[in-house]
Structure formats: C-alpha cells, structure tokens
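One structure is given here, and the rest of the page talks about it.
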Amino acid sequence: MSHLEGEISPRDRETQGEKREVFVEFLENKKSIIPEDLKTLEEKALLDWMPIIRKDTQALLIWLMKERRPKRILEIGTCVGFSSILMARYTEDDTQIFTVENYEPRIKEATENIEKFGYGNRITLMPMDAKEALYELDGQFDFIFLDGPKGQYPFYLPKLLELLSQDGMLVTDNVLFDGDLLKQRSEIRHRDRTIHDRLNMFLDELLNNESLNTLVTQTGDGMALTTRIK
C-alpha cells in the first residue's frame with residue numbers, strides 16, 4: 001500500500017470537497033485572489049473547459065512567488081497561459097519564465113494571451129513535447145511548476161531535478177488525481193490505472209528520496225512542494 005492510500009469513503013471525499021469550496025469562497029470574500037483582468041481570463045478559460053489551476057492553487061502559487069521571488073521559472077503545461085501570466089504578475093520585472101505546451105490550439109491562444117497581458121518579453125513559450133523541451137533547456141531554474149500530463153510525471157522527474165537549482169523548488173499540481181490516488185487500484189477505472197500507477201511511482205520517489213524534502217497538500221487537486229535537503 002502506498003503512503004496515500006487509505007479507507008476514505010466517497011461521502012467523506014465529497015464532504016472534504018464541499019469544505020474546500022466553502023473555504024475558498026470565504027477567502028475570496030475577504031480579499032479577491034486575483035485582479036479583474038486575470039479573472040476575465042480565468043472565466044473565459046473555464047467557459048471553454050480549459051484545465052487551468054484552481055482558485056486555492058492560485059492563492060498558493062501567488063504566495064510562493066512573493067515568498068521565494070524566483071528569477072528563472074520553468075512551467076510544464078501552459079494551457080492558455082493563465083498560470084504563466086499569474087506567475088509573471090507576482091514576480092519582479094527581470095524574472096524569466098519558460099513554459100512548455102505541445103497542443104497547437106492552446107499554443108495559439110496562450111501566445112495571444114501572453115502578448116495581450118504584455119509579458120512577451122518575459123515569458124518564452126516552447127511549442128513542443130516536454131520530453132524534448134527538457135533536453136533543449138540550458139542552465140538551472142529556481143522554481144519549476146509541473147502541470148502537464150500526469151502519466152508522464154515520473155519520466156520527467158530525473159531531468160527536472162537536474163534543472164532545479166540547489167535552492168530551488170519543484171511544485172507539482174494534480175498529484176491526487178481528483179482523489180483517485182486515495183483509492184485502491186482495484187477501485188480505479190481500467191483506463192485510469194496507468195496514471196494511478198505512475199502518480200504513485202512519482203510520489204514514492206518524491207517522498208522517499210533522501211535528498212529531497214516533499215510536502216503533499218490537498219490544495220486544488222493535490223500539490224507536492226519539493227526542495228532539496230542541504
């Protein structure tokens with residue numbers, strides 16, 4: 001049994017989801033998480049069924065940008081550019097962001113959004129498969145946001161760790177697979193079992209690698225925050 005599997009009933013998972021929604025709404029009522037122009041982009045993406053980061057993930061990402069103040073960011077999974085633009089908004093003017101996307105319709109929309117928000121000089125969109133892009137990048141990154149195909153996470157990891165600076169942070173989104181990672185493999189639909197297996201492999205490595213320090217949170221669809229042990 002992996003460290004994340006356990007006897008959590010469907011009703012308990014549903015209740016946890018409801019509580020999270022109430023919590024996010026509570027925070028939104030206290031202070032809007034993002035400004036109006038980003039809200040407009042968020043609303044359009046949601047109407048178009050684009051898989052952008054959730055509100056509590058946005059809040060954590062903004063906090064991390066302000067707290068860590070990264071200068072060189074790598075993102076795997078651009079979608080329509082929402083998270084790239086969000087990170088650019090909350091970092092310094094000299095921060096450079098490299099973001100990778102290989103789905104042509106999203107590449108076009110992301111490029112347009114990046115230019116519209118005025119970040120064309122700070123965000124470099126790499127229109128290619130992440131496995132290819134990882135070997136084209138030079139230098140190291142002090143912040144990496146992994147939000148691409150979940151089934152590829154364990155295969156990206158070795159190269160991502162090579163690209164991560166000694167004091168950098170790797171943040172991985174969607175690690176709980178809509179709660180399915182908390183279930184036994186036998187409960188998972190056959191078509192999703194490969195992703196279930198690979199996400200477990202990925203988290204096993206993050207949590208048991210003695211050179212890494214990883215915290216898994218229930219933020220959004222599950223996030224893993226990883227740094228190196230000095």
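We label chains A, B, ... in the order they appear in the structure tokens, count residues from 1 in each chain, and number ligands from 1 in the order shown.
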* Excluding A:Asp147 and any residue of its chain fewer than 2 positions from it, enumerate the residues within 10 Å of it, using only C-alpha atoms, and give them as number ranges by chain. => A: 51-53, 75-79, 83, 100, 144-145, 149-150, 153, 171-175, 223
* Which is closest to A:Ala130 among A:Arg106, A:Glu101, A:Glu162, A:Ile114, if we use only C-alpha atoms? ->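 The shortest atom-to-atom distance to A:Ala130 comes from A:Glu101.
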* Asked: What does the distance between atom CA of A:Leu164 and atom CA of A:Leu125 come to in Å, to one decimal place?
  -> 18.8 Å
* Using only C-alpha atoms: which of A:Asn208, A:Gly118, A:Leu163, A:Tyr156 has the shortest distance to A:Asp138 -> A:Leu163
* Asked: Between atom CA of A:Gly151 and atom CA of A:Lys131, what is the distance, to one decimal in Å?
  -> 12.5 Å
* **Nearest to A:Ser211 by atom-to-atom distance, counting only C-alpha atoms, from A:Ala224, A:Ala88, A:Gln166, A:Ile195** =>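 Among the listed residues, the smallest separation from A:Ser211 belongs to A:Gln166.
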* **Atomic distance atom CA of A:Leu38 - atom CA of A:Leu170, expressed in Å with one decimal** =>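 So the answer is 23.9 Å.
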* To do: Measuring atom to atom with only C-alpha atoms, identify which of A:Phe155, A:Tyr90, A:Trp49, A:Trp63 is nearest to A:Pro35.
  =>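 Closest candidate: A:Tyr90.
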Hey, what's within 12 Å of A:Lys66 if we count only C-alpha atoms and toss same-chain stuff fewer than 2 positions away? As a PDB file with all heavy atoms, in the first residue's frame, please?
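Below is the file that was written, part36.pdb:
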```pdb
ATOM      1  N   ALA A  59      -3.926  30.834  -5.168  1.00  0.00           N
ATOM      2  CA  ALA A  59      -3.520  31.529  -3.941  1.00  0.00           C
ATOM      3  C   ALA A  59      -2.153  31.044  -3.460  1.00  0.00           C
ATOM      4  O   ALA A  59      -1.295  31.846  -3.068  1.00  0.00           O
ATOM      5  CB  ALA A  59      -4.572  31.343  -2.855  1.00  0.00           C
ATOM      6  N   LEU A  60      -1.940  29.726  -3.494  1.00  0.00           N
ATOM      7  CA  LEU A  60      -0.655  29.175  -3.056  1.00  0.00           C
ATOM      8  C   LEU A  60       0.461  29.604  -4.004  1.00  0.00           C
ATOM      9  O   LEU A  60       1.562  29.971  -3.556  1.00  0.00           O
ATOM     10  CB  LEU A  60      -0.731  27.654  -2.974  1.00  0.00           C
ATOM     11  CG  LEU A  60       0.566  26.948  -2.557  1.00  0.00           C
ATOM     12  CD1 LEU A  60       1.087  27.474  -1.220  1.00  0.00           C
ATOM     13  CD2 LEU A  60       0.363  25.435  -2.490  1.00  0.00           C
ATOM     14  N   LEU A  61       0.197  29.583  -5.294  1.00  0.00           N
ATOM     15  CA  LEU A  61       1.221  29.948  -6.265  1.00  0.00           C
ATOM     16  C   LEU A  61       1.617  31.421  -6.097  1.00  0.00           C
ATOM     17  O   LEU A  61       2.806  31.768  -6.157  1.00  0.00           O
ATOM     18  CB  LEU A  61       0.702  29.679  -7.679  1.00  0.00           C
ATOM     19  CG  LEU A  61       1.736  29.456  -8.790  1.00  0.00           C
ATOM     20  CD1 LEU A  61       2.700  28.348  -8.437  1.00  0.00           C
ATOM     21  CD2 LEU A  61       1.035  29.154 -10.103  1.00  0.00           C
ATOM     22  N   ILE A  62       0.635  32.283  -5.884  1.00  0.00           N
ATOM     23  CA  ILE A  62       0.930  33.698  -5.653  1.00  0.00           C
ATOM     24  C   ILE A  62       1.789  33.863  -4.403  1.00  0.00           C
ATOM     25  O   ILE A  62       2.772  34.612  -4.391  1.00  0.00           O
ATOM     26  CB  ILE A  62      -0.383  34.507  -5.532  1.00  0.00           C
ATOM     27  CG1 ILE A  62      -1.096  34.576  -6.881  1.00  0.00           C
ATOM     28  CG2 ILE A  62      -0.099  35.927  -5.015  1.00  0.00           C
ATOM     29  CD1 ILE A  62      -2.514  35.112  -6.797  1.00  0.00           C
ATOM     30  N   TRP A  63       1.434  33.158  -3.342  1.00  0.00           N
ATOM     31  CA  TRP A  63       2.207  33.239  -2.099  1.00  0.00           C
ATOM     32  C   TRP A  63       3.644  32.789  -2.332  1.00  0.00           C
ATOM     33  O   TRP A  63       4.592  33.420  -1.849  1.00  0.00           O
ATOM     34  CB  TRP A  63       1.547  32.388  -1.019  1.00  0.00           C
ATOM     35  CG  TRP A  63       2.201  32.528   0.318  1.00  0.00           C
ATOM     36  CD1 TRP A  63       1.955  33.482   1.269  1.00  0.00           C
ATOM     37  CD2 TRP A  63       3.251  31.689   0.841  1.00  0.00           C
ATOM     38  NE1 TRP A  63       2.776  33.282   2.353  1.00  0.00           N
ATOM     39  CE2 TRP A  63       3.577  32.200   2.130  1.00  0.00           C
ATOM     40  CE3 TRP A  63       3.918  30.571   0.368  1.00  0.00           C
ATOM     41  CZ2 TRP A  63       4.561  31.617   2.931  1.00  0.00           C
ATOM     42  CZ3 TRP A  63       4.902  29.990   1.166  1.00  0.00           C
ATOM     43  CH2 TRP A  63       5.204  30.513   2.432  1.00  0.00           C
ATOM     44  N   LEU A  64       3.812  31.703  -3.075  1.00  0.00           N
ATOM     45  CA  LEU A  64       5.155  31.197  -3.347  1.00  0.00           C
ATOM     46  C   LEU A  64       5.967  32.185  -4.188  1.00  0.00           C
ATOM     47  O   LEU A  64       7.174  32.356  -3.967  1.00  0.00           O
ATOM     48  CB  LEU A  64       5.078  29.846  -4.054  1.00  0.00           C
ATOM     49  CG  LEU A  64       4.618  28.669  -3.186  1.00  0.00           C
ATOM     50  CD1 LEU A  64       4.325  27.445  -4.049  1.00  0.00           C
ATOM     51  CD2 LEU A  64       5.666  28.332  -2.126  1.00  0.00           C
ATOM     52  N   ARG A  68       9.276  33.385  -2.379  1.00  0.00           N
ATOM     53  CA  ARG A  68      10.549  32.867  -2.886  1.00  0.00           C
ATOM     54  C   ARG A  68      11.205  33.804  -3.902  1.00  0.00           C
ATOM     55  O   ARG A  68      12.390  33.718  -4.147  1.00  0.00           O
ATOM     56  CB  ARG A  68      10.349  31.480  -3.495  1.00  0.00           C
ATOM     57  CG  ARG A  68       9.850  30.457  -2.479  1.00  0.00           C
ATOM     58  CD  ARG A  68       9.874  29.055  -3.044  1.00  0.00           C
ATOM     59  NE  ARG A  68      11.223  28.600  -3.326  1.00  0.00           N
ATOM     60  CZ  ARG A  68      12.018  28.000  -2.443  1.00  0.00           C
ATOM     61  NH1 ARG A  68      11.612  27.794  -1.200  1.00  0.00           N
ATOM     62  NH2 ARG A  68      13.232  27.610  -2.796  1.00  0.00           N
ATOM     63  N   ARG A  69      10.429  34.642  -4.552  1.00  0.00           N
ATOM     64  CA  ARG A  69      10.916  35.635  -5.511  1.00  0.00           C
ATOM     65  C   ARG A  69      11.850  35.004  -6.553  1.00  0.00           C
ATOM     66  O   ARG A  69      13.001  35.411  -6.720  1.00  0.00           O
ATOM     67  CB  ARG A  69      11.615  36.772  -4.763  1.00  0.00           C
ATOM     68  CG  ARG A  69      10.719  37.415  -3.731  1.00  0.00           C
ATOM     69  CD  ARG A  69      11.409  38.481  -2.930  1.00  0.00           C
ATOM     70  NE  ARG A  69      11.694  39.653  -3.757  1.00  0.00           N
ATOM     71  CZ  ARG A  69      12.231  40.775  -3.275  1.00  0.00           C
ATOM     72  NH1 ARG A  69      12.541  40.865  -1.988  1.00  0.00           N
ATOM     73  NH2 ARG A  69      12.453  41.786  -4.070  1.00  0.00           N
ATOM     74  N   PRO A  70      11.369  34.001  -7.271  1.00  0.00           N
ATOM     75  CA  PRO A  70      12.224  33.318  -8.253  1.00  0.00           C
ATOM     76  C   PRO A  70      12.588  34.232  -9.415  1.00  0.00           C
ATOM     77  O   PRO A  70      11.829  35.129  -9.785  1.00  0.00           O
ATOM     78  CB  PRO A  70      11.355  32.151  -8.717  1.00  0.00           C
ATOM     79  CG  PRO A  70       9.957  32.625  -8.502  1.00  0.00           C
ATOM     80  CD  PRO A  70      10.003  33.463  -7.269  1.00  0.00           C
ATOM     81  N   LYS A  71      13.756  33.972  -9.985  1.00  0.00           N
ATOM     82  CA  LYS A  71      14.234  34.751 -11.125  1.00  0.00           C
ATOM     83  C   LYS A  71      14.175  33.965 -12.434  1.00  0.00           C
ATOM     84  O   LYS A  71      14.177  34.558 -13.513  1.00  0.00           O
ATOM     85  CB  LYS A  71      15.676  35.203 -10.880  1.00  0.00           C
ATOM     86  CG  LYS A  71      15.815  36.189  -9.731  1.00  0.00           C
ATOM     87  CD  LYS A  71      15.035  37.470 -10.015  1.00  0.00           C
ATOM     88  CE  LYS A  71      15.200  38.490  -8.906  1.00  0.00           C
ATOM     89  NZ  LYS A  71      14.332  39.670  -9.132  1.00  0.00           N
ATOM     90  N   LEU A  86      -0.017  34.570 -14.406  1.00  0.00           N
ATOM     91  CA  LEU A  86      -0.161  34.758 -12.963  1.00  0.00           C
ATOM     92  C   LEU A  86       1.212  34.861 -12.302  1.00  0.00           C
ATOM     93  O   LEU A  86       1.460  35.759 -11.474  1.00  0.00           O
ATOM     94  CB  LEU A  86      -0.942  33.588 -12.371  1.00  0.00           C
ATOM     95  CG  LEU A  86      -1.219  33.645 -10.870  1.00  0.00           C
ATOM     96  CD1 LEU A  86      -2.384  34.569 -10.576  1.00  0.00           C
ATOM     97  CD2 LEU A  86      -1.505  32.255 -10.317  1.00  0.00           C
ATOM     98  N   MET A  87       2.141  33.958 -12.657  1.00  0.00           N
ATOM     99  CA  MET A  87       3.476  33.984 -12.055  1.00  0.00           C
ATOM    100  C   MET A  87       4.237  35.238 -12.475  1.00  0.00           C
ATOM    101  O   MET A  87       4.960  35.824 -11.663  1.00  0.00           O
ATOM    102  CB  MET A  87       4.241  32.710 -12.421  1.00  0.00           C
ATOM    103  CG  MET A  87       3.699  31.460 -11.735  1.00  0.00           C
ATOM    104  SD  MET A  87       4.721  29.970 -11.965  1.00  0.00           S
ATOM    105  CE  MET A  87       4.344  29.555 -13.678  1.00  0.00           C
ATOM    106  N   ALA A  88       4.071  35.652 -13.725  1.00  0.00           N
ATOM    107  CA  ALA A  88       4.729  36.879 -14.176  1.00  0.00           C
ATOM    108  C   ALA A  88       4.200  38.088 -13.412  1.00  0.00           C
ATOM    109  O   ALA A  88       4.967  38.987 -13.046  1.00  0.00           O
ATOM    110  CB  ALA A  88       4.519  37.065 -15.680  1.00  0.00           C
ATOM    111  N   ARG A  89       2.909  38.117 -13.147  1.00  0.00           N
ATOM    112  CA  ARG A  89       2.279  39.238 -12.455  1.00  0.00           C
ATOM    113  C   ARG A  89       2.853  39.425 -11.045  1.00  0.00           C
ATOM    114  O   ARG A  89       2.980  40.556 -10.563  1.00  0.00           O
ATOM    115  CB  ARG A  89       0.767  39.019 -12.387  1.00  0.00           C
ATOM    116  CG  ARG A  89      -0.032  40.039 -11.575  1.00  0.00           C
ATOM    117  CD  ARG A  89      -0.006  41.431 -12.200  1.00  0.00           C
ATOM    118  NE  ARG A  89      -0.553  41.444 -13.543  1.00  0.00           N
ATOM    119  CZ  ARG A  89      -1.844  41.651 -13.830  1.00  0.00           C
ATOM    120  NH1 ARG A  89      -2.709  41.848 -12.853  1.00  0.00           N
ATOM    121  NH2 ARG A  89      -2.241  41.666 -15.079  1.00  0.00           N
ATOM    122  N   TYR A  90       3.198  38.319 -10.388  1.00  0.00           N
ATOM    123  CA  TYR A  90       3.615  38.394  -8.989  1.00  0.00           C
ATOM    124  C   TYR A  90       5.115  38.153  -8.782  1.00  0.00           C
ATOM    125  O   TYR A  90       5.542  37.779  -7.701  1.00  0.00           O
ATOM    126  CB  TYR A  90       2.781  37.426  -8.149  1.00  0.00           C
ATOM    127  CG  TYR A  90       1.338  37.876  -8.075  1.00  0.00           C
ATOM    128  CD1 TYR A  90       0.371  37.339  -8.923  1.00  0.00           C
ATOM    129  CD2 TYR A  90       0.960  38.876  -7.180  1.00  0.00           C
ATOM    130  CE1 TYR A  90      -0.945  37.784  -8.873  1.00  0.00           C
ATOM    131  CE2 TYR A  90      -0.358  39.321  -7.130  1.00  0.00           C
ATOM    132  CZ  TYR A  90      -1.301  38.773  -7.980  1.00  0.00           C
ATOM    133  OH  TYR A  90      -2.604  39.216  -7.934  1.00  0.00           O
ATOM    134  N   THR A  91       5.911  38.379  -9.842  1.00  0.00           N
ATOM    135  CA  THR A  91       7.365  38.325  -9.718  1.00  0.00           C
ATOM    136  C   THR A  91       7.951  39.625 -10.253  1.00  0.00           C
ATOM    137  O   THR A  91       7.245  40.464 -10.819  1.00  0.00           O
ATOM    138  CB  THR A  91       7.953  37.117 -10.480  1.00  0.00           C
ATOM    139  OG1 THR A  91       7.405  37.074 -11.817  1.00  0.00           O
ATOM    140  CG2 THR A  91       7.641  35.811  -9.772  1.00  0.00           C
ATOM    141  N   GLU A  92       9.260  39.778 -10.084  1.00  0.00           N
ATOM    142  CA  GLU A  92       9.940  41.006 -10.500  1.00  0.00           C
ATOM    143  C   GLU A  92      10.035  41.091 -12.022  1.00  0.00           C
ATOM    144  O   GLU A  92       9.914  40.093 -12.738  1.00  0.00           O
ATOM    145  CB  GLU A  92      11.342  41.055  -9.884  1.00  0.00           C
ATOM    146  CG  GLU A  92      11.367  40.968  -8.368  1.00  0.00           C
ATOM    147  CD  GLU A  92      10.708  42.157  -7.700  1.00  0.00           C
ATOM    148  OE1 GLU A  92      10.742  43.262  -8.287  1.00  0.00           O
ATOM    149  OE2 GLU A  92      10.154  41.995  -6.596  1.00  0.00           O
TER     150      GLU A  92
END
```
* To do: Could you tell me which of A:Ser165, A:Thr40, A:Asn102, A:Gln152 comes closest to A:Asn200 if we count only C-alpha atoms?
  =>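 Looking only at the distances to A:Asn200, the closest residue turns out to be A:Gln152.
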* Asked: Of the residues A:Leu41, A:Ile107, A:Ile73, A:Ile33, which is the one nearest to A:Thr95, using only C-alpha atoms?
  ->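 Closest candidate: A:Ile73.
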* Asked: Looking only at the backbone, which of the residues in stretch 118-168 of chain A does DSSP tag as alpha helix (DSSP H), as number ranges by chain?
  -> A: 130-133, 153-163
Atoms kept (C-alpha atoms) for selection, written as a PDB file, in the first residue's frame:
```pdb
ATOM      1  CA  ALA A 130       8.013  18.369 -22.682  1.00  0.00           C
ATOM      2  CA  LYS A 131      10.353  15.366 -23.043  1.00  0.00           C
ATOM      3  CA  GLU A 132      12.005  17.182 -25.957  1.00  0.00           C
ATOM      4  CA  ALA A 133      11.952  20.603 -24.313  1.00  0.00           C
ATOM      5  CA  TYR A 153       5.403  12.852 -14.233  1.00  0.00           C
ATOM      6  CA  PRO A 154       7.796  10.031 -13.181  1.00  0.00           C
ATOM      7  CA  PHE A 155       9.568  10.182 -16.557  1.00  0.00           C
ATOM      8  CA  TYR A 156      10.067  13.948 -16.358  1.00  0.00           C
ATOM      9  CA  LEU A 157      11.379  13.852 -12.804  1.00  0.00           C
ATOM     10  CA  PRO A 158      15.085  12.940 -13.309  1.00  0.00           C
ATOM     11  CA  LYS A 159      15.633  15.749 -15.812  1.00  0.00           C
ATOM     12  CA  LEU A 160      13.564  18.214 -13.773  1.00  0.00           C
ATOM     13  CA  LEU A 161      15.782  17.559 -10.773  1.00  0.00           C
ATOM     14  CA  GLU A 162      18.858  18.188 -12.941  1.00  0.00           C
ATOM     15  CA  LEU A 163      17.380  21.534 -13.982  1.00  0.00           C
TER      16      LEU A 163
END
```
